[in-house]
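Chemist: Got a structure for you, entry07.pdb, holding PDB, C-alpha atoms and all ligand atoms.
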```pdb
ATOM      1  CA  MET Q 263      47.978 -43.175  34.613  1.00  0.00           C
ATOM      2  CA  ILE Q 264      48.774 -39.496  34.123  1.00  0.00           C
ATOM      3  CA  ASP Q 265      50.754 -39.090  30.875  1.00  0.00           C
ATOM      4  CA  PRO Q 266      54.433 -38.397  31.635  1.00  0.00           C
ATOM      5  CA  GLU Q 267      54.232 -35.217  29.538  1.00  0.00           C
ATOM      6  CA  VAL Q 268      51.178 -34.019  31.446  1.00  0.00           C
ATOM      7  CA  GLN Q 269      52.727 -34.864  34.833  1.00  0.00           C
ATOM      8  CA  LYS Q 270      55.359 -32.187  34.314  1.00  0.00           C
ATOM      9  CA  THR Q 271      52.851 -29.336  34.563  1.00  0.00           C
ATOM     10  CA  ARG Q 272      49.641 -30.783  36.013  1.00  0.00           C
ATOM     11  CA  LYS Q 273      49.563 -31.991  39.600  1.00  0.00           C
ATOM     12  CA  PRO Q 274      46.060 -32.612  41.010  1.00  0.00           C
ATOM     13  CA  THR Q 275      45.893 -31.899  44.754  1.00  0.00           C
ATOM     14  CA  TYR Q 276      43.330 -34.667  45.384  1.00  0.00           C
ATOM     15  CA  GLU Q 277      43.313 -38.074  43.750  1.00  0.00           C
ATOM     16  CA  ILE Q 278      41.186 -38.174  40.595  1.00  0.00           C
ATOM     17  CA  ASN Q 279      40.838 -40.276  37.484  1.00  0.00           C
ATOM     18  CA  PRO Q 280      43.829 -39.372  35.259  1.00  0.00           C
ATOM     19  CA  LEU Q 281      41.436 -38.888  32.336  1.00  0.00           C
ATOM     20  CA  PHE Q 282      40.613 -35.373  33.556  1.00  0.00           C
ATOM     21  CA  VAL Q 283      44.176 -34.074  33.432  1.00  0.00           C
ATOM     22  CA  ASN Q 284      45.176 -36.064  30.366  1.00  0.00           C
ATOM     23  CA  ARG Q 285      42.673 -34.011  28.343  1.00  0.00           C
ATOM     24  CA  TRP Q 286      44.349 -30.837  27.209  1.00  0.00           C
ATOM     25  CA  SER Q 287      43.883 -28.535  24.267  1.00  0.00           C
ATOM     26  CA  SER Q 288      46.893 -29.063  22.054  1.00  0.00           C
ATOM     27  CA  ARG Q 289      47.251 -27.283  18.720  1.00  0.00           C
ATOM     28  CA  SER Q 290      49.527 -29.543  16.738  1.00  0.00           C
ATOM     29  CA  PHE Q 291      47.797 -32.312  14.809  1.00  0.00           C
ATOM     30  CA  GLU Q 292      49.106 -35.089  12.592  1.00  0.00           C
ATOM     31  CA  SER Q 293      47.200 -35.277   9.339  1.00  0.00           C
ATOM     32  CA  TYR Q 294      45.215 -38.311  10.418  1.00  0.00           C
ATOM     33  CA  GLU Q 295      42.151 -39.540   8.531  1.00  0.00           C
ATOM     34  CA  ILE Q 296      39.556 -40.210  11.210  1.00  0.00           C
ATOM     35  CA  LYS Q 297      37.132 -43.096  10.674  1.00  0.00           C
ATOM     36  CA  ASP Q 298      33.406 -42.480  11.031  1.00  0.00           C
ATOM     37  CA  LYS Q 299      33.373 -45.087  13.790  1.00  0.00           C
ATOM     38  CA  GLU Q 300      35.882 -43.062  15.838  1.00  0.00           C
ATOM     39  CA  LEU Q 301      34.176 -39.744  15.219  1.00  0.00           C
ATOM     40  CA  PHE Q 302      30.687 -41.027  15.875  1.00  0.00           C
ATOM     41  CA  ALA Q 303      31.799 -42.553  19.186  1.00  0.00           C
ATOM     42  CA  LEU Q 304      32.597 -39.012  20.327  1.00  0.00           C
ATOM     43  CA  PHE Q 305      29.038 -37.891  19.570  1.00  0.00           C
ATOM     44  CA  GLU Q 306      27.770 -41.020  21.307  1.00  0.00           C
ATOM     45  CA  ALA Q 307      29.595 -39.979  24.490  1.00  0.00           C
ATOM     46  CA  ALA Q 308      28.195 -36.446  24.175  1.00  0.00           C
ATOM     47  CA  ARG Q 309      24.685 -37.881  23.829  1.00  0.00           C
ATOM     48  CA  TRP Q 310      24.774 -39.308  27.368  1.00  0.00           C
ATOM     49  CA  ALA Q 311      25.308 -35.960  29.079  1.00  0.00           C
ATOM     50  CA  PRO Q 312      22.684 -34.867  31.615  1.00  0.00           C
ATOM     51  CA  SER Q 313      20.255 -32.075  30.779  1.00  0.00           C
ATOM     52  CA  SER Q 314      17.307 -30.295  32.292  1.00  0.00           C
ATOM     53  CA  PHE Q 315      14.107 -32.307  31.570  1.00  0.00           C
ATOM     54  CA  ASN Q 316      16.399 -34.609  29.521  1.00  0.00           C
ATOM     55  CA  ASN Q 317      15.871 -32.097  26.726  1.00  0.00           C
ATOM     56  CA  GLN Q 318      19.294 -32.804  25.164  1.00  0.00           C
ATOM     57  CA  PRO Q 319      19.705 -29.333  23.610  1.00  0.00           C
ATOM     58  CA  TRP Q 320      23.154 -30.054  22.066  1.00  0.00           C
ATOM     59  CA  ARG Q 321      23.596 -30.414  18.306  1.00  0.00           C
ATOM     60  CA  PHE Q 322      26.817 -30.927  16.360  1.00  0.00           C
ATOM     61  CA  ILE Q 323      27.534 -29.957  12.744  1.00  0.00           C
ATOM     62  CA  TYR Q 324      30.750 -31.613  11.616  1.00  0.00           C
ATOM     63  CA  ALA Q 325      33.056 -31.800   8.612  1.00  0.00           C
ATOM     64  CA  LYS Q 326      35.929 -34.226   8.104  1.00  0.00           C
ATOM     65  CA  ARG Q 327      39.137 -32.874   6.546  1.00  0.00           C
ATOM     66  CA  GLY Q 328      39.088 -33.605   2.831  1.00  0.00           C
ATOM     67  CA  SER Q 329      35.296 -33.768   2.659  1.00  0.00           C
ATOM     68  CA  ALA Q 330      33.098 -31.435   0.613  1.00  0.00           C
ATOM     69  CA  HIS Q 331      32.058 -29.644   3.838  1.00  0.00           C
ATOM     70  CA  TRP Q 332      35.503 -28.992   5.347  1.00  0.00           C
ATOM     71  CA  ASP Q 333      36.079 -25.610   3.699  1.00  0.00           C
ATOM     72  CA  SER Q 334      32.725 -24.203   4.760  1.00  0.00           C
ATOM     73  CA  LEU Q 335      33.571 -24.880   8.442  1.00  0.00           C
ATOM     74  CA  PHE Q 336      37.273 -24.016   8.193  1.00  0.00           C
ATOM     75  CA  GLU Q 337      36.582 -20.594   6.656  1.00  0.00           C
ATOM     76  CA  LEU Q 338      34.558 -19.617   9.754  1.00  0.00           C
ATOM     77  CA  LEU Q 339      37.680 -19.659  11.942  1.00  0.00           C
ATOM     78  CA  ASP Q 340      39.632 -16.507  12.759  1.00  0.00           C
ATOM     79  CA  ASP Q 341      43.191 -16.204  11.449  1.00  0.00           C
ATOM     80  CA  TYR Q 342      44.753 -17.209  14.761  1.00  0.00           C
ATOM     81  CA  ASN Q 343      42.896 -20.514  14.857  1.00  0.00           C
ATOM     82  CA  LYS Q 344      43.312 -21.147  11.114  1.00  0.00           C
ATOM     83  CA  GLN Q 345      47.097 -21.232  11.493  1.00  0.00           C
ATOM     84  CA  TRP Q 346      47.067 -24.417  13.618  1.00  0.00           C
ATOM     85  CA  CYS Q 347      43.824 -26.193  12.638  1.00  0.00           C
ATOM     86  CA  SER Q 348      44.454 -27.150   9.057  1.00  0.00           C
ATOM     87  CA  ASP Q 349      45.814 -30.652   9.730  1.00  0.00           C
ATOM     88  CA  ALA Q 350      43.093 -31.672  12.171  1.00  0.00           C
ATOM     89  CA  SER Q 351      40.872 -34.622  11.306  1.00  0.00           C
ATOM     90  CA  ALA Q 352      37.492 -32.980  11.828  1.00  0.00           C
ATOM     91  CA  LEU Q 353      35.911 -29.693  12.749  1.00  0.00           C
ATOM     92  CA  MET Q 354      32.534 -29.184  14.357  1.00  0.00           C
ATOM     93  CA  VAL Q 355      30.212 -26.393  15.342  1.00  0.00           C
ATOM     94  CA  VAL Q 356      28.378 -26.953  18.605  1.00  0.00           C
ATOM     95  CA  ILE Q 357      24.931 -25.414  18.885  1.00  0.00           C
ATOM     96  CA  ALA Q 358      22.348 -25.412  21.677  1.00  0.00           C
ATOM     97  CA  LYS Q 359      18.575 -25.435  21.276  1.00  0.00           C
ATOM     98  CA  LYS Q 360      17.046 -22.561  23.241  1.00  0.00           C
ATOM     99  CA  THR Q 361      13.668 -24.106  24.002  1.00  0.00           C
ATOM    100  CA  PHE Q 362      12.206 -27.215  25.595  1.00  0.00           C
ATOM    101  CA  ASP Q 363      10.837 -29.787  23.138  1.00  0.00           C
ATOM    102  CA  HIS Q 364       7.794 -30.549  25.300  1.00  0.00           C
ATOM    103  CA  ASN Q 365       6.341 -27.018  25.592  1.00  0.00           C
ATOM    104  CA  ASN Q 366       8.465 -24.645  23.458  1.00  0.00           C
ATOM    105  CA  GLU Q 367       9.218 -22.573  26.581  1.00  0.00           C
ATOM    106  CA  PRO Q 368      12.744 -21.090  26.941  1.00  0.00           C
ATOM    107  CA  MET Q 369      15.298 -23.550  28.312  1.00  0.00           C
ATOM    108  CA  PRO Q 370      17.438 -21.549  30.778  1.00  0.00           C
ATOM    109  CA  THR Q 371      20.168 -24.206  31.001  1.00  0.00           C
ATOM    110  CA  ASN Q 372      20.639 -24.973  27.301  1.00  0.00           C
ATOM    111  CA  GLN Q 373      24.210 -23.664  27.284  1.00  0.00           C
ATOM    112  CA  PHE Q 374      25.123 -25.262  30.617  1.00  0.00           C
ATOM    113  CA  ASP Q 375      23.872 -28.638  29.414  1.00  0.00           C
ATOM    114  CA  THR Q 376      25.553 -28.333  26.013  1.00  0.00           C
ATOM    115  CA  GLY Q 377      28.794 -27.599  27.847  1.00  0.00           C
ATOM    116  CA  SER Q 378      28.572 -30.918  29.633  1.00  0.00           C
ATOM    117  CA  ALA Q 379      27.973 -32.703  26.324  1.00  0.00           C
ATOM    118  CA  TRP Q 380      31.109 -31.120  24.866  1.00  0.00           C
ATOM    119  CA  GLU Q 381      33.148 -32.220  27.878  1.00  0.00           C
ATOM    120  CA  ASN Q 382      31.854 -35.804  27.512  1.00  0.00           C
ATOM    121  CA  LEU Q 383      33.005 -35.673  23.890  1.00  0.00           C
ATOM    122  CA  ALA Q 384      36.419 -34.306  24.861  1.00  0.00           C
ATOM    123  CA  LEU Q 385      36.987 -36.951  27.545  1.00  0.00           C
ATOM    124  CA  GLN Q 386      35.863 -39.769  25.240  1.00  0.00           C
ATOM    125  CA  ALA Q 387      38.393 -38.501  22.697  1.00  0.00           C
ATOM    126  CA  VAL Q 388      41.198 -38.960  25.243  1.00  0.00           C
ATOM    127  CA  THR Q 389      40.159 -42.580  25.752  1.00  0.00           C
ATOM    128  CA  GLN Q 390      40.411 -43.082  21.971  1.00  0.00           C
ATOM    129  CA  GLY Q 391      43.881 -41.534  21.700  1.00  0.00           C
ATOM    130  CA  LEU Q 392      42.495 -38.368  20.130  1.00  0.00           C
ATOM    131  CA  ALA Q 393      42.795 -34.721  21.104  1.00  0.00           C
ATOM    132  CA  THR Q 394      40.148 -31.992  20.976  1.00  0.00           C
ATOM    133  CA  HIS Q 395      40.351 -28.221  21.189  1.00  0.00           C
ATOM    134  CA  ALA Q 396      37.323 -25.953  21.633  1.00  0.00           C
ATOM    135  CA  MET Q 397      37.341 -22.538  19.980  1.00  0.00           C
ATOM    136  CA  ALA Q 398      35.375 -19.327  20.409  1.00  0.00           C
ATOM    137  CA  GLY Q 399      37.525 -17.625  17.794  1.00  0.00           C
ATOM    138  CA  PHE Q 400      35.291 -17.872  14.765  1.00  0.00           C
ATOM    139  CA  ASP Q 401      32.572 -15.861  13.036  1.00  0.00           C
ATOM    140  CA  HIS Q 402      29.394 -16.847  14.884  1.00  0.00           C
ATOM    141  CA  LYS Q 403      27.072 -14.875  12.587  1.00  0.00           C
ATOM    142  CA  LYS Q 404      28.615 -16.359   9.467  1.00  0.00           C
ATOM    143  CA  ALA Q 405      28.336 -19.828  10.997  1.00  0.00           C
ATOM    144  CA  ARG Q 406      24.616 -19.338  11.554  1.00  0.00           C
ATOM    145  CA  LYS Q 407      24.081 -17.997   8.041  1.00  0.00           C
ATOM    146  CA  ASN Q 408      26.350 -20.320   6.043  1.00  0.00           C
ATOM    147  CA  LEU Q 409      25.381 -23.492   7.896  1.00  0.00           C
ATOM    148  CA  GLY Q 410      21.663 -22.654   8.033  1.00  0.00           C
ATOM    149  CA  VAL Q 411      21.369 -22.704  11.834  1.00  0.00           C
ATOM    150  CA  PRO Q 412      17.789 -21.739  12.814  1.00  0.00           C
ATOM    151  CA  ASP Q 413      17.166 -18.842  15.258  1.00  0.00           C
ATOM    152  CA  GLU Q 414      16.008 -21.214  17.973  1.00  0.00           C
ATOM    153  CA  TYR Q 415      19.593 -22.478  18.421  1.00  0.00           C
ATOM    154  CA  ASP Q 416      22.533 -20.660  20.029  1.00  0.00           C
ATOM    155  CA  VAL Q 417      25.823 -21.016  18.170  1.00  0.00           C
ATOM    156  CA  MET Q 418      28.197 -21.902  21.014  1.00  0.00           C
ATOM    157  CA  ALA Q 419      31.659 -22.987  19.906  1.00  0.00           C
ATOM    158  CA  MET Q 420      33.704 -24.805  17.345  1.00  0.00           C
ATOM    159  CA  VAL Q 421      35.735 -27.897  18.213  1.00  0.00           C
ATOM    160  CA  VAL Q 422      38.636 -29.438  16.388  1.00  0.00           C
ATOM    161  CA  VAL Q 423      39.457 -33.141  16.726  1.00  0.00           C
ATOM    162  CA  GLY Q 424      42.547 -35.014  15.648  1.00  0.00           C
ATOM    163  CA  LYS Q 425      45.636 -37.012  16.516  1.00  0.00           C
ATOM    164  CA  ARG Q 426      48.060 -34.935  18.555  1.00  0.00           C
ATOM    165  CA  GLY Q 427      51.186 -34.094  16.530  1.00  0.00           C
ATOM    166  CA  SER Q 428      54.678 -33.002  17.440  1.00  0.00           C
ATOM    167  CA  LYS Q 429      55.062 -29.366  18.462  1.00  0.00           C
ATOM    168  CA  GLU Q 430      57.703 -29.009  15.778  1.00  0.00           C
ATOM    169  CA  ARG Q 431      54.837 -28.728  13.286  1.00  0.00           C
ATOM    170  CA  LEU Q 432      53.739 -25.405  14.832  1.00  0.00           C
ATOM    171  CA  PRO Q 433      54.941 -21.860  14.095  1.00  0.00           C
ATOM    172  CA  PRO Q 434      57.445 -20.597  16.758  1.00  0.00           C
ATOM    173  CA  SER Q 435      54.923 -18.447  18.667  1.00  0.00           C
ATOM    174  CA  LEU Q 436      52.656 -21.461  19.209  1.00  0.00           C
ATOM    175  CA  LYS Q 437      55.397 -23.984  19.944  1.00  0.00           C
ATOM    176  CA  GLU Q 438      56.059 -22.550  23.390  1.00  0.00           C
ATOM    177  CA  ARG Q 439      52.350 -22.678  24.296  1.00  0.00           C
ATOM    178  CA  GLU Q 440      52.068 -26.370  23.385  1.00  0.00           C
ATOM    179  CA  ILE Q 441      52.115 -27.646  26.980  1.00  0.00           C
ATOM    180  CA  PRO Q 442      49.306 -28.680  29.327  1.00  0.00           C
ATOM    181  CA  ASN Q 443      48.418 -25.674  31.490  1.00  0.00           C
ATOM    182  CA  GLY Q 444      47.510 -25.427  35.176  1.00  0.00           C
ATOM    183  CA  ARG Q 445      44.496 -24.407  37.209  1.00  0.00           C
ATOM    184  CA  LYS Q 446      43.409 -22.061  39.998  1.00  0.00           C
ATOM    185  CA  PRO Q 447      43.638 -23.667  43.433  1.00  0.00           C
ATOM    186  CA  LEU Q 448      40.481 -25.348  44.756  1.00  0.00           C
ATOM    187  CA  SER Q 449      40.374 -22.823  47.613  1.00  0.00           C
ATOM    188  CA  GLU Q 450      39.712 -20.089  45.049  1.00  0.00           C
ATOM    189  CA  ILE Q 451      36.740 -21.783  43.392  1.00  0.00           C
ATOM    190  CA  VAL Q 452      34.952 -23.665  46.189  1.00  0.00           C
ATOM    191  CA  MET Q 453      32.974 -21.999  49.005  1.00  0.00           C
ATOM    192  CA  GLU Q 454      31.099 -23.596  51.842  1.00  0.00           C
ATOM    193  CA  GLY Q 455      27.488 -22.509  52.366  1.00  0.00           C
ATOM    194  CA  LYS Q 456      27.807 -18.887  51.286  1.00  0.00           C
ATOM    195  CA  PHE Q 457      29.671 -16.876  48.679  1.00  0.00           C
ATOM    196  CA  GLY Q 458      33.097 -15.926  49.933  1.00  0.00           C
ATOM    197  CA  ASN Q 459      33.305 -18.544  52.723  1.00  0.00           C
ATOM    198  CA  LYS Q 460      36.796 -19.973  52.442  1.00  0.00           C
ATOM    199  CA  VAL Q 461      37.310 -23.717  52.794  1.00  0.00           C
ATOM    200  CA  ASN Q 462      40.438 -25.253  54.245  1.00  0.00           C
ATOM    201  CA  MET Q 463      41.671 -27.298  51.314  1.00  0.00           C
ATOM    202  CA  LYS Q 464      45.036 -28.476  50.121  1.00  0.00           C
TER     203      LYS Q 464
HETATM  204  C1  LIG E   1      34.556 -22.332  24.836  1.00  0.00           C
HETATM  205  C2  LIG E   1      36.043 -22.325  24.605  1.00  0.00           C
HETATM  206  C3  LIG E   1      36.585 -21.485  23.650  1.00  0.00           C
HETATM  207  C4  LIG E   1      37.958 -21.514  23.369  1.00  0.00           C
HETATM  208  N1  LIG E   1      38.453 -20.762  22.342  1.00  0.00           N
HETATM  209  C5  LIG E   1      39.726 -20.953  21.923  1.00  0.00           C
HETATM  210  C6  LIG E   1      40.185 -20.365  20.716  1.00  0.00           C
HETATM  211  O1  LIG E   1      39.449 -19.690  19.982  1.00  0.00           O
HETATM  212  N2  LIG E   1      41.488 -20.580  20.364  1.00  0.00           N
HETATM  213  C7  LIG E   1      42.332 -21.329  21.123  1.00  0.00           C
HETATM  214  O2  LIG E   1      43.489 -21.495  20.718  1.00  0.00           O
HETATM  215  N3  LIG E   1      41.911 -21.932  22.275  1.00  0.00           N
HETATM  216  C8  LIG E   1      40.628 -21.775  22.682  1.00  0.00           C
HETATM  217  N4  LIG E   1      40.149 -22.424  23.800  1.00  0.00           N
HETATM  218  C9  LIG E   1      41.040 -23.294  24.581  1.00  0.00           C
HETATM  219  C10 LIG E   1      41.307 -22.764  25.979  1.00  0.00           C
HETATM  220  O3  LIG E   1      42.262 -21.745  25.911  1.00  0.00           O
HETATM  221  C11 LIG E   1      41.744 -23.926  26.886  1.00  0.00           C
HETATM  222  O4  LIG E   1      40.675 -24.829  27.029  1.00  0.00           O
HETATM  223  C12 LIG E   1      42.163 -23.432  28.266  1.00  0.00           C
HETATM  224  O5  LIG E   1      43.354 -22.689  28.198  1.00  0.00           O
HETATM  225  C13 LIG E   1      42.382 -24.596  29.234  1.00  0.00           C
HETATM  226  O6  LIG E   1      43.387 -25.455  28.710  1.00  0.00           O
HETATM  227  P1  LIG E   1      43.131 -26.993  28.423  1.00  0.00           P
HETATM  228  O7  LIG E   1      41.898 -27.121  27.573  1.00  0.00           O
HETATM  229  O8  LIG E   1      44.384 -27.451  27.717  1.00  0.00           O
HETATM  230  O9  LIG E   1      42.941 -27.667  29.755  1.00  0.00           O
HETATM  231  C14 LIG E   1      38.804 -22.378  24.119  1.00  0.00           C
HETATM  232  C15 LIG E   1      38.244 -23.208  25.101  1.00  0.00           C
HETATM  233  C16 LIG E   1      36.883 -23.199  25.339  1.00  0.00           C
HETATM  234  C17 LIG E   1      36.305 -24.147  26.356  1.00  0.00           C
END
```
Can I see the file as structure tokens?
Ligand SMILES: Cc1cc2nc3c(=O)[nH]c(=O)nc-3n(C[C@H](O)[C@H](O)[C@H](O)COP(=O)(O)O)c2cc1C

Modeler:
Amino acid sequence: MIDPEVQKTRKPTYEINPLFVNRWSSRSFESYEIKDKELFALFEAARWAPSSFNNQPWRFIYAKRGSAHWDSLFELLDDYNKQWCSDASALMVVIAKKTFDHNNEPMPTNQFDTGSAWENLALQAVTQGLATHAMAGFDHKKARKNLGVPDEYDVMAMVVVGKRGSKERLPPSLKEREIPNGRKPLSEIVMEGKFGNKVNMK
């Protein structure tokens, strides 16, 4: 079932599993202590994503709030993201191996495939009553240096995971943005046969 809160702003034009629209990137988090079992289930879901040659280029570096590693991930974030992330349960940096394991040749789809792993993780989180939010707003170079990421991996994104909190916890400027957003119509993103060919869709 589509969450009543989500239904107000998200109306799929074709029937789909509600999971897809129930995932949205909120910013308010309760200060919830996530169990390893819950967190590791998210990585388990990510693990089953498809990838070219089944190379599985995705890697995740995580820190739970309150752990010895939390500060070293948190300090990578830009000021905008820092203002709403501090109560989240865990932070992670998602990286993507640039080469195939079997021959060391460049893997052209490493970022595409790592993107599908992140989406698996985000959808699994919804099924566990958790929320995720991906972020590009962090210092990529510092992440590589401070976390010891080797050159053969791309630093892609950071992700925050937690239990969604009330929007009252947010500063005023973020409160009004704390609603599930919409999407471009299908007719703008789908083409039949050739670029630019419009399709008659709802
Ligand atoms: C790779 C990536 C980077 C993002 N970076 C940020 C960010 O730095 N800060 C932020 O508040 N939201 C960030 N977002 C969240 C997007 O704004 C959000 O996914 C988009 O508006 C769609 O909304 P939804 O995820 O709620 O469906 C990012 C999302 C992705 C996928």

Chemist: Translate the PyMOL selection byres (((chain Q and resi 296) around 9) and not hetatm) into a concrete residue list for this structure, as a PyMOL selection string.

Modeler: chain Q and resi 294-295+297-301+326-327+351-352+423-425

Chemist: Please, which residues have at least one atom within 7 Å of an atom of ligand LIG 1 (chain E), using only C-alpha atoms and all ligand atoms, listed as a PyMOL selection string?

Modeler: chain Q and resi 285-288+343+395-400+419+442-443

Chemist: Go through the shown structure with the PyMOL selection byres (((chain Q and resi 390) around 10) and not hetatm) and write out the matching residues as number ranges by chain.

Modeler: Q: 300-301, 303-304, 385-389, 391-393, 425

Chemist: Run the PyMOL selection byres (((chain Q and resi 317-320) around 12) and not hetatm) on the file and write out the hits as a PyMOL selection string.

Modeler: chain Q and resi 305-306+308-316+321-323+355-383+414-419

Chemist: Go ahead and find all residues with at least one atom no further than 10 Å from (30.2, -17.2, 10.4) in the file's coordinates, using all atoms listed in the file; report them as a PyMOL selection string.

Modeler: chain Q and resi 334-335+337-340+400-409+417

Chemist: Rounded to one decimal place, report the atom CA of Asn462 of chain Q-atom CA of Gln269 of chain Q distance in Å.

Modeler: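 Between these atoms lies a distance of 24.9 Å.
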
Chemist: Select, from Q:Pro274, Q:Gly410, Q:Pro266, Q:Pro447, the residue with the minimum atom-to-atom distance to Val461 of chain Q, counting only C-alpha atoms.

Modeler: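 Of the candidates, the smallest distance to Val461 of chain Q is held by Q:Pro447.
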
Chemist: Determine, counting all atoms listed in the file, which protein, DNA and RNA residues have an atom within 10 Å of an atom of segment 426-429 of chain Q; residues of the same chain fewer than 6 positions away are not included. Present the result as a ChimeraX atom specification.

Modeler: /Q:287-294,349-350,391-394,436-441

Chemist: Atom CA of Tyr276 of chain Q to atom CA of Glu450 of chain Q: how many Å, to one decimal?

Modeler: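 Atom CA of Glu450 of chain Q lies at a distance of 15.0 Å from atom CA of Tyr276 of chain Q.
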
Chemist: Taking only C-alpha atoms into account, which of Q:Ile278, Q:Met420, Q:Ala384, Q:Leu432 comes nearest Met354 of chain Q?

Modeler: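 With only C-alpha atoms as the atom set, the closest residue is Q:Met420.
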
Chemist: List as a PyMOL selection string: which residues have an atom within 12 Å of (53.2, -39.2, 30.4), counting all atoms listed in the file?

Modeler: chain Q and resi 263-272+280-281+283-285+442

Chemist: What does the distance between atom CA of Ala325 of chain Q and atom CA of Pro433 of chain Q come to in Å, to one decimal place?

Modeler: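 Atom-to-atom, atom CA of Ala325 of chain Q to atom CA of Pro433 of chain Q, that is 24.7 Å.
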
Chemist: Show me, as AutoDock Vina command-line options, the centre and edge lengths in Å to one decimal of the axis-aligned box that covers every listed atom of segment 353-371 of chain Q with 6 Å on each side.

Modeler:
```
--center_x 21.1 --center_y -25.8 --center_z 21.9 --size_x 41.6 --size_y 21.5 --size_z 30.3
```

Chemist: Choose the residue, out of Q:Thr275, Q:Val421, Q:Gln345, Q:Val411, that has the smallest atom-to-atom separation from Met463 of chain Q; count only C-alpha atoms.

Modeler: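 Once distances to Met463 of chain Q are computed over only C-alpha atoms, the minimum belongs to Q:Thr275.
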
Chemist: Mind filling out segment 387-406 of chain Q with N, CA and C atoms and sending it as a PDB file, keeping the file's coordinate frame?

Modeler:
```pdb
ATOM      1  N   ALA Q 387      37.299 -38.602  23.671  1.00  0.00           N
ATOM      2  CA  ALA Q 387      38.393 -38.501  22.697  1.00  0.00           C
ATOM      3  C   ALA Q 387      39.711 -38.956  23.327  1.00  0.00           C
ATOM      4  N   VAL Q 388      39.953 -38.548  24.570  1.00  0.00           N
ATOM      5  CA  VAL Q 388      41.198 -38.960  25.243  1.00  0.00           C
ATOM      6  C   VAL Q 388      41.272 -40.489  25.312  1.00  0.00           C
ATOM      7  N   THR Q 389      40.156 -41.112  25.627  1.00  0.00           N
ATOM      8  CA  THR Q 389      40.159 -42.580  25.752  1.00  0.00           C
ATOM      9  C   THR Q 389      40.410 -43.253  24.397  1.00  0.00           C
ATOM     10  N   GLN Q 390      40.192 -42.525  23.312  1.00  0.00           N
ATOM     11  CA  GLN Q 390      40.411 -43.082  21.971  1.00  0.00           C
ATOM     12  C   GLN Q 390      41.760 -42.634  21.375  1.00  0.00           C
ATOM     13  N   GLY Q 391      42.579 -42.000  22.201  1.00  0.00           N
ATOM     14  CA  GLY Q 391      43.881 -41.534  21.700  1.00  0.00           C
ATOM     15  C   GLY Q 391      43.770 -40.324  20.792  1.00  0.00           C
ATOM     16  N   LEU Q 392      42.701 -39.564  20.959  1.00  0.00           N
ATOM     17  CA  LEU Q 392      42.495 -38.368  20.130  1.00  0.00           C
ATOM     18  C   LEU Q 392      42.552 -37.115  21.003  1.00  0.00           C
ATOM     19  N   ALA Q 393      42.782 -35.989  20.375  1.00  0.00           N
ATOM     20  CA  ALA Q 393      42.795 -34.721  21.104  1.00  0.00           C
ATOM     21  C   ALA Q 393      41.705 -33.809  20.535  1.00  0.00           C
ATOM     22  N   THR Q 394      41.163 -32.965  21.407  1.00  0.00           N
ATOM     23  CA  THR Q 394      40.148 -31.992  20.976  1.00  0.00           C
ATOM     24  C   THR Q 394      40.604 -30.601  21.413  1.00  0.00           C
ATOM     25  N   HIS Q 395      40.056 -29.598  20.778  1.00  0.00           N
ATOM     26  CA  HIS Q 395      40.351 -28.221  21.189  1.00  0.00           C
ATOM     27  C   HIS Q 395      39.118 -27.379  20.844  1.00  0.00           C
ATOM     28  N   ALA Q 396      38.490 -26.816  21.865  1.00  0.00           N
ATOM     29  CA  ALA Q 396      37.323 -25.953  21.633  1.00  0.00           C
ATOM     30  C   ALA Q 396      37.795 -24.563  21.224  1.00  0.00           C
ATOM     31  N   MET Q 397      36.973 -23.878  20.441  1.00  0.00           N
ATOM     32  CA  MET Q 397      37.341 -22.538  19.980  1.00  0.00           C
ATOM     33  C   MET Q 397      36.130 -21.599  19.978  1.00  0.00           C
ATOM     34  N   ALA Q 398      36.376 -20.390  20.527  1.00  0.00           N
ATOM     35  CA  ALA Q 398      35.375 -19.327  20.409  1.00  0.00           C
ATOM     36  C   ALA Q 398      35.773 -18.375  19.285  1.00  0.00           C
ATOM     37  N   GLY Q 399      36.993 -18.514  18.822  1.00  0.00           N
ATOM     38  CA  GLY Q 399      37.525 -17.625  17.794  1.00  0.00           C
ATOM     39  C   GLY Q 399      37.069 -18.003  16.394  1.00  0.00           C
ATOM     40  N   PHE Q 400      35.848 -17.658  16.104  1.00  0.00           N
ATOM     41  CA  PHE Q 400      35.291 -17.872  14.765  1.00  0.00           C
ATOM     42  C   PHE Q 400      34.125 -16.914  14.577  1.00  0.00           C
ATOM     43  N   ASP Q 401      33.650 -16.795  13.345  1.00  0.00           N
ATOM     44  CA  ASP Q 401      32.572 -15.861  13.036  1.00  0.00           C
ATOM     45  C   ASP Q 401      31.213 -16.533  13.299  1.00  0.00           C
ATOM     46  N   HIS Q 402      30.649 -16.196  14.463  1.00  0.00           N
ATOM     47  CA  HIS Q 402      29.394 -16.847  14.884  1.00  0.00           C
ATOM     48  C   HIS Q 402      28.234 -16.547  13.924  1.00  0.00           C
ATOM     49  N   LYS Q 403      28.188 -15.275  13.472  1.00  0.00           N
ATOM     50  CA  LYS Q 403      27.072 -14.875  12.587  1.00  0.00           C
ATOM     51  C   LYS Q 403      27.155 -15.604  11.249  1.00  0.00           C
ATOM     52  N   LYS Q 404      28.398 -15.675  10.746  1.00  0.00           N
ATOM     53  CA  LYS Q 404      28.615 -16.359   9.467  1.00  0.00           C
ATOM     54  C   LYS Q 404      28.297 -17.854   9.608  1.00  0.00           C
ATOM     55  N   ALA Q 405      28.616 -18.403  10.759  1.00  0.00           N
ATOM     56  CA  ALA Q 405      28.336 -19.828  10.997  1.00  0.00           C
ATOM     57  C   ALA Q 405      26.828 -20.060  10.910  1.00  0.00           C
ATOM     58  N   ARG Q 406      26.084 -19.191  11.570  1.00  0.00           N
ATOM     59  CA  ARG Q 406      24.616 -19.338  11.554  1.00  0.00           C
ATOM     60  C   ARG Q 406      24.085 -19.262  10.121  1.00  0.00           C
TER      61      ARG Q 406
END
```
